[in-house]
Amino acid sequence: MTGKRLHPATIAAQALGWADATTGAVVLPVHVATTFLRDPDNRYRRGRSYGRADNPSYDQPQALLTALEGGADSLLFSSGMAAAAAVFQCLPREAHVVAPRVMYWGLRNWLRTFAEGWGIEATFCDMTSLDALRAAVRPGQTRLVWIETPANPLWSVTDIAGAAEIAQRAGALLAVDSTAATPVLTRPLALGADIVMHSATKYLNGHSDVIAGSLTTARKDEFWERLVAARSGGGAILGSFEAYLLLRGMRTLFPRVERACRSAQQIAEALSADPRIAEVLYPGLPTHAGHAVAARQMTAGFGGMLSIRVAGGAEAAIAAAAKVEVWQRATSLGGVESLIEHHFSIEGADSPAPPDLLRLSVGIEDPADLLADLDAALRP
Ligand SMILES: Cc1ncc(COP(=O)(O)O)c(C=O)c1O
């Protein structure tokens, strides 16, 4: 790519402008080799020895993600969970960590089930309040503050710069699950975070056909070297074809996310005025508790995720989800197709989601079709 300072949308569309040096192909080949030739003098001058550590198919998507997040380096993992788990597993022991009460339930479950066995004590706090975070950290003991913003499934917002300052004062790292925000809307490293994590399964890939995860670091330091070693040593690696599909998805990240944001805002505003909806949870609405912070740290929109509370209660919510024809009734988020989910059915009694809540992942369809479908589904 040229030496000019280009906008992130250009960098993403051209995937850094890399072309194959041998053939001139504008799409790089997918490398499937599991092993690499050793030089006759017993060295590996080309820098790669074995596919688990050195897969060339990671180079371009990792470099692109690093550029979009404004970081120093990135690592792809076999899933978002593998990426997140690696961060916790690489902490020095004994480790105290602070995580949000409202967060991706799978990671909360993992922390509750496995953290203790790893020598990690987890405190869960209300991450919408910097005072609550300040009270939860233990200076000198807390190794990591983990935040997610906007956070599943209430789309609560955490002040990243404020959390970074608190973490830093306590001597802890700040890691941000930025899956819902994407680098299109928020760049946590520029706000003081140390690590950004994505479930790349979601917006980065965008087509509901790859499970992948990523970490991006602000600095290539000792902790990052541990993460690099943990991925190749632990083996939670992405397949080469998945890395290729992920890169292909990332090239359309900007138009997909921008479209999803516009539609989500429109849907959120329309449903706010609908008497069949008790509450719309979307950071783009001035009525949302996190709106002011979101307006500061999210650019170009408030994301494609929102939740609605159906006035008729849990039964009416489940009935509405049963009747949609355009929205797909499925879990997950961030794909080109819009998804609807009765969230309490996924998380169960432990959920911060009230039983009347439907989680909506807005895709790139015509928003008029999405609204008409919801309108029909909400009719008694
Ligand atoms: C916000 C968030 N973080 C992490 C994950 C876990 O990612 P994966 O399913 O890629 O392991 C998910 C998955 O739903 C998620 O929504």
# chains A, B, ... in the order shown; residues from 1 in each chain; ligands from 1

call {"tool": "select_by_dssp", "arguments": {"residues": "region 109-353 of chain A", "states": "strand (DSSP E or B)", "output": "ChimeraX atom specification"}}
result
/A:120-125,142-148,151,156,173-177,195-199,213-217,277-281,305-310,328-329,339-342

call {"tool": "residues_near_ligand", "arguments": {"ligand": "ligand 1", "cutoff": "9 Å", "atoms": "only C-alpha atoms and all ligand atoms", "output": "PyMOL selection string"}}
result
chain A and resi 77-84+103-107+148-153+177-180+197-202+210-214+331-334

call {"tool": "residues_around", "arguments": {"residues": "region 277-283 of chain A", "least_positions_apart": "6", "cutoff": "7 Å", "atoms": "only C-alpha atoms", "output": "ChimeraX atom specification"}}
result
/A:154-155,268,271,290-291,294,302,306-311

call {"tool": "residues_around", "arguments": {"residues": "Asp375 (chain A)", "least_positions_apart": "5", "cutoff": "10 Å", "atoms": "only C-alpha atoms", "output": "JSON list (two decimals) with N, CA and C atoms, in the first residue's frame"}}
result
[["chain", "number", "residue", "atom", "x", "y", "z"],
["A", 271, "LEU", "N", -39.17, 1.48, 17.30],
["A", 271, "LEU", "CA", -39.72, 0.63, 18.36],
["A", 271, "LEU", "C", -39.90, 1.39, 19.67],
["A", 274, "ASP", "N", -43.33, 2.50, 19.98],
["A", 274, "ASP", "CA", -44.34, 1.44, 19.82],
["A", 274, "ASP", "C", -44.84, 1.00, 21.19],
["A", 276, "ARG", "N", -46.28, -1.53, 22.16],
["A", 276, "ARG", "CA", -46.11, -2.97, 22.46],
["A", 276, "ARG", "C", -44.72, -3.28, 23.01],
["A", 320, "ALA", "N", -43.59, -13.60, 19.77],
["A", 320, "ALA", "CA", -43.17, -12.72, 18.67],
["A", 320, "ALA", "C", -41.97, -13.34, 17.94],
["A", 324, "VAL", "N", -41.60, -14.38, 13.47],
["A", 324, "VAL", "CA", -40.85, -13.62, 12.46],
["A", 324, "VAL", "C", -40.59, -14.47, 11.22],
["A", 369, "ASP", "N", -38.03, -3.87, 5.58],
["A", 369, "ASP", "CA", -38.47, -5.26, 5.68],
["A", 369, "ASP", "C", -38.34, -5.77, 7.11],
["A", 370, "LEU", "N", -37.26, -5.37, 7.76],
["A", 370, "LEU", "CA", -37.03, -5.81, 9.14],
["A", 370, "LEU", "C", -38.10, -5.25, 10.07]]

call {"tool": "residues_around", "arguments": {"residues": "region 110-126 of chain A", "least_positions_apart": "2", "cutoff": "10 Å", "atoms": "only C-alpha atoms", "output": "mmCIF file with all heavy atoms, in the first residue's frame"}}
result
data_model
loop_
_atom_site.group_PDB
_atom_site.id
_atom_site.type_symbol
_atom_site.label_atom_id
_atom_site.label_comp_id
_atom_site.auth_asym_id
_atom_site.auth_seq_id
_atom_site.Cartn_x
_atom_site.Cartn_y
_atom_site.Cartn_z
ATOM 1 N N MET A 81 -13.654 -17.424 22.247
ATOM 2 C CA MET A 81 -13.439 -17.969 23.588
ATOM 3 C C MET A 81 -11.979 -18.375 23.793
ATOM 4 O O MET A 81 -11.424 -18.172 24.872
ATOM 5 C CB MET A 81 -14.364 -19.170 23.836
ATOM 6 C CG MET A 81 -15.759 -18.783 24.285
ATOM 7 S SD MET A 81 -15.810 -17.747 25.778
ATOM 8 C CE MET A 81 -15.057 -18.808 26.981
ATOM 9 N N ALA A 85 -9.820 -16.822 26.704
ATOM 10 C CA ALA A 85 -9.269 -17.735 27.721
ATOM 11 C C ALA A 85 -7.751 -17.591 27.792
ATOM 12 O O ALA A 85 -7.169 -17.628 28.882
ATOM 13 C CB ALA A 85 -9.667 -19.176 27.407
ATOM 14 N N PHE A 88 -6.637 -14.807 30.155
ATOM 15 C CA PHE A 88 -6.722 -15.157 31.582
ATOM 16 C C PHE A 88 -5.654 -16.183 31.950
ATOM 17 O O PHE A 88 -5.018 -16.096 32.997
ATOM 18 C CB PHE A 88 -8.128 -15.684 31.909
ATOM 19 C CG PHE A 88 -9.174 -14.603 31.887
ATOM 20 C CD1 PHE A 88 -9.923 -14.355 30.746
ATOM 21 C CD2 PHE A 88 -9.390 -13.799 33.000
ATOM 22 C CE1 PHE A 88 -10.874 -13.344 30.714
ATOM 23 C CE2 PHE A 88 -10.339 -12.786 32.989
ATOM 24 C CZ PHE A 88 -11.086 -12.557 31.833
ATOM 25 N N GLN A 89 -5.456 -17.162 31.063
ATOM 26 C CA GLN A 89 -4.520 -18.246 31.376
ATOM 27 C C GLN A 89 -3.068 -17.779 31.409
ATOM 28 O O GLN A 89 -2.245 -18.409 32.060
ATOM 29 C CB GLN A 89 -4.703 -19.386 30.358
ATOM 30 C CG GLN A 89 -6.000 -20.135 30.601
ATOM 31 C CD GLN A 89 -6.395 -21.043 29.448
ATOM 32 O OE1 GLN A 89 -5.848 -20.925 28.347
ATOM 33 N NE2 GLN A 89 -7.333 -21.933 29.679
ATOM 34 N N CYS A 90 -2.768 -16.689 30.725
ATOM 35 C CA CYS A 90 -1.379 -16.210 30.685
ATOM 36 C C CYS A 90 -1.040 -15.257 31.822
ATOM 37 O O CYS A 90 0.112 -14.828 31.941
ATOM 38 C CB CYS A 90 -1.089 -15.531 29.342
ATOM 39 S SG CYS A 90 -0.883 -16.726 28.020
ATOM 40 N N LEU A 91 -2.020 -14.906 32.641
ATOM 41 C CA LEU A 91 -1.736 -13.977 33.743
ATOM 42 C C LEU A 91 -0.806 -14.632 34.754
ATOM 43 O O LEU A 91 -0.914 -15.837 35.004
ATOM 44 C CB LEU A 91 -3.045 -13.598 34.467
ATOM 45 C CG LEU A 91 -4.051 -12.778 33.665
ATOM 46 C CD1 LEU A 91 -5.356 -12.662 34.451
ATOM 47 C CD2 LEU A 91 -3.486 -11.404 33.336
ATOM 48 N N PRO A 92 0.094 -13.826 35.373
ATOM 49 C CA PRO A 92 0.894 -14.393 36.454
ATOM 50 C C PRO A 92 -0.006 -14.755 37.638
ATOM 51 O O PRO A 92 -1.017 -14.101 37.865
ATOM 52 C CB PRO A 92 1.860 -13.260 36.833
ATOM 53 C CG PRO A 92 1.497 -12.088 36.017
ATOM 54 C CD PRO A 92 0.370 -12.425 35.110
ATOM 55 N N ARG A 93 0.315 -15.787 38.376
ATOM 56 C CA ARG A 93 -0.497 -16.234 39.531
ATOM 57 C C ARG A 93 0.106 -15.738 40.830
ATOM 58 O O ARG A 93 1.318 -15.555 40.881
ATOM 59 C CB ARG A 93 -0.580 -17.757 39.580
ATOM 60 C CG ARG A 93 -1.103 -18.376 38.326
ATOM 61 C CD ARG A 93 -2.567 -17.976 38.110
ATOM 62 N NE ARG A 93 -3.138 -18.784 37.051
ATOM 63 C CZ ARG A 93 -3.118 -18.451 35.763
ATOM 64 N NH1 ARG A 93 -2.582 -17.317 35.389
ATOM 65 N NH2 ARG A 93 -3.648 -19.248 34.863
ATOM 66 N N GLU A 94 -0.650 -15.660 41.883
ATOM 67 C CA GLU A 94 -2.082 -15.719 41.998
ATOM 68 C C GLU A 94 -2.667 -14.457 41.369
ATOM 69 O O GLU A 94 -2.145 -13.377 41.576
ATOM 70 C CB GLU A 94 -2.500 -15.750 43.482
ATOM 71 C CG GLU A 94 -1.987 -16.972 44.257
ATOM 72 C CD GLU A 94 -2.786 -18.208 43.900
ATOM 73 O OE1 GLU A 94 -4.032 -18.116 43.872
ATOM 74 O OE2 GLU A 94 -2.178 -19.239 43.602
ATOM 75 N N ALA A 95 -3.758 -14.605 40.654
ATOM 76 C CA ALA A 95 -4.276 -13.447 39.950
ATOM 77 C C ALA A 95 -5.680 -13.103 40.413
ATOM 78 O O ALA A 95 -6.550 -13.973 40.470
ATOM 79 C CB ALA A 95 -4.268 -13.724 38.451
ATOM 80 N N HIS A 96 -5.861 -11.837 40.708
ATOM 81 C CA HIS A 96 -7.219 -11.334 40.913
ATOM 82 C C HIS A 96 -7.620 -10.603 39.642
ATOM 83 O O HIS A 96 -6.822 -9.840 39.083
ATOM 84 C CB HIS A 96 -7.267 -10.389 42.121
ATOM 85 C CG HIS A 96 -8.601 -9.726 42.293
ATOM 86 N ND1 HIS A 96 -8.804 -8.379 42.088
ATOM 87 C CD2 HIS A 96 -9.816 -10.244 42.631
ATOM 88 C CE1 HIS A 96 -10.081 -8.094 42.310
ATOM 89 N NE2 HIS A 96 -10.716 -9.203 42.639
ATOM 90 N N VAL A 97 -8.834 -10.868 39.149
ATOM 91 C CA VAL A 97 -9.314 -10.162 37.958
ATOM 92 C C VAL A 97 -10.673 -9.549 38.253
ATOM 93 O O VAL A 97 -11.405 -10.044 39.118
ATOM 94 C CB VAL A 97 -9.432 -11.100 36.722
ATOM 95 C CG1 VAL A 97 -8.100 -11.748 36.396
ATOM 96 C CG2 VAL A 97 -10.499 -12.158 36.920
ATOM 97 N N VAL A 98 -10.980 -8.479 37.560
ATOM 98 C CA VAL A 98 -12.309 -7.876 37.682
ATOM 99 C C VAL A 98 -12.986 -7.961 36.316
ATOM 100 O O VAL A 98 -12.381 -7.612 35.293
ATOM 101 C CB VAL A 98 -12.230 -6.401 38.144
ATOM 102 C CG1 VAL A 98 -13.633 -5.839 38.362
ATOM 103 C CG2 VAL A 98 -11.417 -6.282 39.430
ATOM 104 N N ALA A 99 -14.214 -8.471 36.310
ATOM 105 C CA ALA A 99 -14.967 -8.636 35.063
ATOM 106 C C ALA A 99 -16.368 -8.054 35.269
ATOM 107 O O ALA A 99 -16.803 -7.858 36.410
ATOM 108 C CB ALA A 99 -15.040 -10.121 34.704
ATOM 109 N N PRO A 100 -17.079 -7.792 34.170
ATOM 110 C CA PRO A 100 -18.409 -7.170 34.315
ATOM 111 C C PRO A 100 -19.488 -8.189 34.692
ATOM 112 O O PRO A 100 -19.403 -9.359 34.320
ATOM 113 C CB PRO A 100 -18.711 -6.634 32.913
ATOM 114 C CG PRO A 100 -17.580 -7.008 32.035
ATOM 115 C CD PRO A 100 -16.699 -7.953 32.750
ATOM 116 N N ARG A 101 -20.510 -7.704 35.399
ATOM 117 C CA ARG A 101 -21.679 -8.569 35.657
ATOM 118 C C ARG A 101 -22.426 -8.812 34.357
ATOM 119 O O ARG A 101 -22.954 -9.886 34.137
ATOM 120 C CB ARG A 101 -22.627 -7.879 36.643
ATOM 121 C CG ARG A 101 -22.129 -7.970 38.036
ATOM 122 C CD ARG A 101 -23.259 -7.977 39.067
ATOM 123 N NE ARG A 101 -22.619 -7.771 40.348
ATOM 124 C CZ ARG A 101 -22.613 -6.624 41.010
ATOM 125 N NH1 ARG A 101 -23.295 -5.596 40.557
ATOM 126 N NH2 ARG A 101 -21.962 -6.509 42.128
ATOM 127 N N VAL A 102 -22.490 -7.772 33.524
ATOM 128 C CA VAL A 102 -23.162 -7.918 32.226
ATOM 129 C C VAL A 102 -22.079 -8.102 31.172
ATOM 130 O O VAL A 102 -21.317 -7.188 30.887
ATOM 131 C CB VAL A 102 -24.018 -6.667 31.909
ATOM 132 C CG1 VAL A 102 -24.635 -6.774 30.525
ATOM 133 C CG2 VAL A 102 -25.099 -6.487 32.965
ATOM 134 N N MET A 103 -22.005 -9.319 30.655
ATOM 135 C CA MET A 103 -20.974 -9.628 29.660
ATOM 136 C C MET A 103 -21.407 -10.864 28.878
ATOM 137 O O MET A 103 -22.409 -11.498 29.247
ATOM 138 C CB MET A 103 -19.630 -9.927 30.350
ATOM 139 C CG MET A 103 -19.628 -11.221 31.151
ATOM 140 S SD MET A 103 -18.136 -11.505 32.159
ATOM 141 C CE MET A 103 -16.871 -11.672 30.929
ATOM 142 N N TRP A 105 -22.202 -14.253 28.131
ATOM 143 C CA TRP A 105 -22.466 -15.225 29.193
ATOM 144 C C TRP A 105 -21.504 -16.413 29.143
ATOM 145 O O TRP A 105 -21.169 -16.991 30.186
ATOM 146 C CB TRP A 105 -23.918 -15.719 29.117
ATOM 147 C CG TRP A 105 -24.179 -16.574 27.906
ATOM 148 C CD1 TRP A 105 -24.478 -16.126 26.651
ATOM 149 C CD2 TRP A 105 -24.100 -17.994 27.831
ATOM 150 N NE1 TRP A 105 -24.589 -17.183 25.791
ATOM 151 C CE2 TRP A 105 -24.377 -18.348 26.494
ATOM 152 C CE3 TRP A 105 -23.840 -18.998 28.755
ATOM 153 C CZ2 TRP A 105 -24.383 -19.669 26.063
ATOM 154 C CZ3 TRP A 105 -23.854 -20.329 28.308
ATOM 155 C CH2 TRP A 105 -24.114 -20.638 26.986
ATOM 156 N N GLY A 106 -21.030 -16.765 27.945
ATOM 157 C CA GLY A 106 -20.128 -17.915 27.813
ATOM 158 C C GLY A 106 -18.825 -17.687 28.562
ATOM 159 O O GLY A 106 -18.292 -18.587 29.216
ATOM 160 N N LEU A 107 -18.326 -16.459 28.482
ATOM 161 C CA LEU A 107 -17.077 -16.147 29.174
ATOM 162 C C LEU A 107 -17.314 -16.033 30.682
ATOM 163 O O LEU A 107 -16.495 -16.482 31.491
ATOM 164 C CB LEU A 107 -16.461 -14.856 28.615
ATOM 165 C CG LEU A 107 -15.112 -14.463 29.206
ATOM 166 C CD1 LEU A 107 -14.080 -15.586 29.082
ATOM 167 C CD2 LEU A 107 -14.576 -13.204 28.537
ATOM 168 N N ARG A 108 -18.463 -15.454 31.057
ATOM 169 C CA ARG A 108 -18.787 -15.384 32.492
ATOM 170 C C ARG A 108 -18.869 -16.804 33.079
ATOM 171 O O ARG A 108 -18.315 -17.100 34.131
ATOM 172 C CB ARG A 108 -20.119 -14.643 32.689
ATOM 173 C CG ARG A 108 -20.427 -14.362 34.164
ATOM 174 C CD ARG A 108 -21.737 -13.622 34.346
ATOM 175 N NE ARG A 108 -22.858 -14.377 33.821
ATOM 176 C CZ ARG A 108 -23.777 -13.886 32.995
ATOM 177 N NH1 ARG A 108 -23.716 -12.658 32.591
ATOM 178 N NH2 ARG A 108 -24.773 -14.653 32.571
ATOM 179 N N THR A 128 -20.699 -0.289 34.358
ATOM 180 C CA THR A 128 -21.194 1.003 33.870
ATOM 181 C C THR A 128 -20.808 2.090 34.870
ATOM 182 O O THR A 128 -20.989 3.271 34.595
ATOM 183 C CB THR A 128 -22.735 1.005 33.695
ATOM 184 O OG1 THR A 128 -23.345 0.825 34.969
ATOM 185 C CG2 THR A 128 -23.185 -0.108 32.760
ATOM 186 N N SER A 129 -20.278 1.676 36.037
ATOM 187 C CA SER A 129 -19.923 2.649 37.078
ATOM 188 C C SER A 129 -18.425 2.586 37.361
ATOM 189 O O SER A 129 -17.906 1.566 37.828
ATOM 190 C CB SER A 129 -20.714 2.320 38.348
ATOM 191 O OG SER A 129 -20.047 2.826 39.486
ATOM 192 N N LEU A 130 -17.719 3.686 37.083
ATOM 193 C CA LEU A 130 -16.277 3.712 37.367
ATOM 194 C C LEU A 130 -16.034 3.629 38.874
ATOM 195 O O LEU A 130 -15.018 3.086 39.314
ATOM 196 C CB LEU A 130 -15.634 4.963 36.769
ATOM 197 C CG LEU A 130 -15.582 5.018 35.240
ATOM 198 C CD1 LEU A 130 -14.937 6.308 34.767
ATOM 199 C CD2 LEU A 130 -14.838 3.814 34.646
ATOM 200 N N ASP A 131 -16.972 4.135 39.674
ATOM 201 C CA ASP A 131 -16.830 4.016 41.136
ATOM 202 C C ASP A 131 -16.855 2.554 41.553
ATOM 203 O O ASP A 131 -16.091 2.125 42.422
ATOM 204 C CB ASP A 131 -17.950 4.793 41.852
ATOM 205 C CG ASP A 131 -17.703 6.292 41.787
ATOM 206 O OD1 ASP A 131 -16.542 6.683 41.549
ATOM 207 O OD2 ASP A 131 -18.667 7.061 41.947
ATOM 208 N N ALA A 132 -17.758 1.792 40.946
ATOM 209 C CA ALA A 132 -17.844 0.361 41.281
ATOM 210 C C ALA A 132 -16.552 -0.348 40.878
ATOM 211 O O ALA A 132 -16.042 -1.207 41.619
ATOM 212 C CB ALA A 132 -19.039 -0.273 40.575
ATOM 213 N N LEU A 133 -15.993 0.023 39.731
ATOM 214 C CA LEU A 133 -14.725 -0.588 39.298
ATOM 215 C C LEU A 133 -13.594 -0.201 40.252
ATOM 216 O O LEU A 133 -12.788 -1.054 40.657
ATOM 217 C CB LEU A 133 -14.399 -0.163 37.856
ATOM 218 C CG LEU A 133 -13.043 -0.616 37.319
ATOM 219 C CD1 LEU A 133 -12.898 -2.143 37.374
ATOM 220 C CD2 LEU A 133 -12.824 -0.131 35.882
ATOM 221 N N ARG A 134 -13.569 1.087 40.625
ATOM 222 C CA ARG A 134 -12.548 1.570 41.565
ATOM 223 C C ARG A 134 -12.598 0.772 42.866
ATOM 224 O O ARG A 134 -11.564 0.415 43.436
ATOM 225 C CB ARG A 134 -12.800 3.054 41.855
ATOM 226 C CG ARG A 134 -11.566 3.896 41.680
ATOM 227 C CD ARG A 134 -11.876 5.374 41.812
ATOM 228 N NE ARG A 134 -11.927 6.042 40.519
ATOM 229 C CZ ARG A 134 -12.986 6.654 40.019
ATOM 230 N NH1 ARG A 134 -14.112 6.706 40.682
ATOM 231 N NH2 ARG A 134 -12.923 7.218 38.836
ATOM 232 N N ALA A 135 -13.802 0.471 43.311
ATOM 233 C CA ALA A 135 -13.966 -0.266 44.577
ATOM 234 C C ALA A 135 -13.592 -1.738 44.405
ATOM 235 O O ALA A 135 -13.199 -2.396 45.371
ATOM 236 C CB ALA A 135 -15.413 -0.142 45.059
ATOM 237 N N ALA A 136 -13.713 -2.250 43.183
ATOM 238 C CA ALA A 136 -13.483 -3.694 42.964
ATOM 239 C C ALA A 136 -12.005 -4.028 42.753
ATOM 240 O O ALA A 136 -11.572 -5.144 43.067
ATOM 241 C CB ALA A 136 -14.292 -4.168 41.760
ATOM 242 N N VAL A 137 -11.208 -3.090 42.223
ATOM 243 C CA VAL A 137 -9.800 -3.416 41.970
ATOM 244 C C VAL A 137 -9.010 -3.426 43.285
ATOM 245 O O VAL A 137 -9.343 -2.708 44.220
ATOM 246 C CB VAL A 137 -9.101 -2.446 40.971
ATOM 247 C CG1 VAL A 137 -9.683 -2.573 39.584
ATOM 248 C CG2 VAL A 137 -9.142 -1.020 41.452
ATOM 249 N N THR A 142 -4.708 -7.010 41.637
ATOM 250 C CA THR A 142 -5.519 -7.201 40.431
ATOM 251 C C THR A 142 -4.591 -7.173 39.217
ATOM 252 O O THR A 142 -3.831 -6.225 39.032
ATOM 253 C CB THR A 142 -6.595 -6.096 40.307
ATOM 254 O OG1 THR A 142 -7.363 -6.087 41.507
ATOM 255 C CG2 THR A 142 -7.505 -6.342 39.128
ATOM 256 N N ARG A 143 -4.650 -8.250 38.440
ATOM 257 C CA ARG A 143 -3.758 -8.351 37.272
ATOM 258 C C ARG A 143 -4.453 -7.892 35.997
ATOM 259 O O ARG A 143 -3.793 -7.519 35.037
ATOM 260 C CB ARG A 143 -3.339 -9.810 37.056
ATOM 261 C CG ARG A 143 -2.709 -10.456 38.256
ATOM 262 C CD ARG A 143 -1.266 -10.041 38.366
ATOM 263 N NE ARG A 143 -0.569 -10.856 39.333
ATOM 264 C CZ ARG A 143 0.634 -10.598 39.768
ATOM 265 N NH1 ARG A 143 1.283 -9.542 39.306
ATOM 266 N NH2 ARG A 143 1.217 -11.368 40.650
ATOM 267 N N LEU A 144 -5.796 -8.017 36.006
ATOM 268 C CA LEU A 144 -6.520 -7.751 34.759
ATOM 269 C C LEU A 144 -7.901 -7.186 35.059
ATOM 270 O O LEU A 144 -8.615 -7.690 35.926
ATOM 271 C CB LEU A 144 -6.685 -9.069 33.979
ATOM 272 C CG LEU A 144 -7.487 -9.008 32.676
ATOM 273 C CD1 LEU A 144 -6.682 -8.310 31.577
ATOM 274 C CD2 LEU A 144 -7.870 -10.408 32.193
ATOM 275 N N VAL A 145 -8.245 -6.145 34.311
ATOM 276 C CA VAL A 145 -9.636 -5.678 34.275
ATOM 277 C C VAL A 145 -10.147 -6.037 32.885
ATOM 278 O O VAL A 145 -9.536 -5.664 31.875
ATOM 279 C CB VAL A 145 -9.733 -4.164 34.528
ATOM 280 C CG1 VAL A 145 -11.167 -3.678 34.316
ATOM 281 C CG2 VAL A 145 -9.244 -3.817 35.928
ATOM 282 N N TRP A 146 -11.248 -6.794 32.853
ATOM 283 C CA TRP A 146 -11.835 -7.220 31.577
ATOM 284 C C TRP A 146 -13.129 -6.466 31.384
ATOM 285 O O TRP A 146 -13.986 -6.481 32.274
ATOM 286 C CB TRP A 146 -12.108 -8.734 31.615
ATOM 287 C CG TRP A 146 -12.679 -9.255 30.333
ATOM 288 C CD1 TRP A 146 -14.001 -9.268 29.968
ATOM 289 C CD2 TRP A 146 -11.956 -9.840 29.240
ATOM 290 N NE1 TRP A 146 -14.138 -9.814 28.708
ATOM 291 C CE2 TRP A 146 -12.903 -10.176 28.249
ATOM 292 C CE3 TRP A 146 -10.605 -10.096 29.014
ATOM 293 C CZ2 TRP A 146 -12.526 -10.767 27.045
ATOM 294 C CZ3 TRP A 146 -10.238 -10.690 27.813
ATOM 295 C CH2 TRP A 146 -11.192 -11.020 26.837
ATOM 296 N N SER A 156 -24.962 -2.389 27.671
ATOM 297 C CA SER A 156 -24.449 -1.421 28.627
ATOM 298 C C SER A 156 -23.069 -0.960 28.163
ATOM 299 O O SER A 156 -22.334 -1.710 27.515
ATOM 300 C CB SER A 156 -24.370 -1.995 30.033
ATOM 301 O OG SER A 156 -24.588 -3.362 30.058
ATOM 302 N N THR A 158 -19.290 0.783 28.918
ATOM 303 C CA THR A 158 -18.236 1.077 29.890
ATOM 304 C C THR A 158 -17.338 2.174 29.317
ATOM 305 O O THR A 158 -16.981 2.137 28.130
ATOM 306 C CB THR A 158 -17.393 -0.187 30.169
ATOM 307 O OG1 THR A 158 -18.248 -1.167 30.748
ATOM 308 C CG2 THR A 158 -16.252 0.100 31.131
#

call {"tool": "closest_residue", "arguments": {"among": "A:Leu253, A:Leu357, A:Ala33, A:Leu173", "to": "Gly239 (chain A)", "atoms": "only C-alpha atoms"}}
result
A:Ala33

call {"tool": "select_by_dssp", "arguments": {"residues": "region 43-178 of chain A", "states": "alpha helix (DSSP H)", "output": "PyMOL selection string"}}
result
chain A and resi 59-69+80-89+105-114+130-136+160-170

call {"tool": "closest_residue", "arguments": {"among": "A:Leu358, A:Ile364, A:Val30, A:Leu247", "to": "Arg262 (chain A)", "atoms": "only C-alpha atoms"}}
result
A:Ile364

call {"tool": "atom_distance", "arguments": {"atom1": "CA of Val293 (chain A)", "atom2": "CA of Pro188 (chain A)"}}
result
13.2 Å

call {"tool": "atom_distance", "arguments": {"atom1": "CA of Leu204 (chain A)", "atom2": "CA of Thr252 (chain A)"}}
result
8.8 Å

call {"tool": "closest_atom_pairs", "arguments": {"of": "region 182-293 of chain A", "to": "region 13-21 of chain A", "cutoff": "12 Å", "atoms": "only C-alpha atoms", "output": "CSV"}}
result
residue,atom,partner,partner_atom,distance
A:Tyr244,CA,A:Ala15,CA,11.4
A:Leu246,CA,A:Ala15,CA,11.2
A:Leu247,CA,A:Ala15,CA,7.5
A:Arg248,CA,A:Ala15,CA,8.5
A:Gly249,CA,A:Ala13,CA,9.7
A:Met250,CA,A:Ala13,CA,7.7
A:Arg251,CA,A:Ala13,CA,4.3
A:Thr252,CA,A:Ala13,CA,6.1
A:Leu253,CA,A:Ala13,CA,8.0
A:Phe254,CA,A:Ala13,CA,8.1
A:Pro255,CA,A:Ala13,CA,9.4
A:Arg256,CA,A:Ala13,CA,11.5

call {"tool": "atom_distance", "arguments": {"atom1": "CA of Val176 (chain A)", "atom2": "CA of Arg219 (chain A)"}}
result
14.8 Å
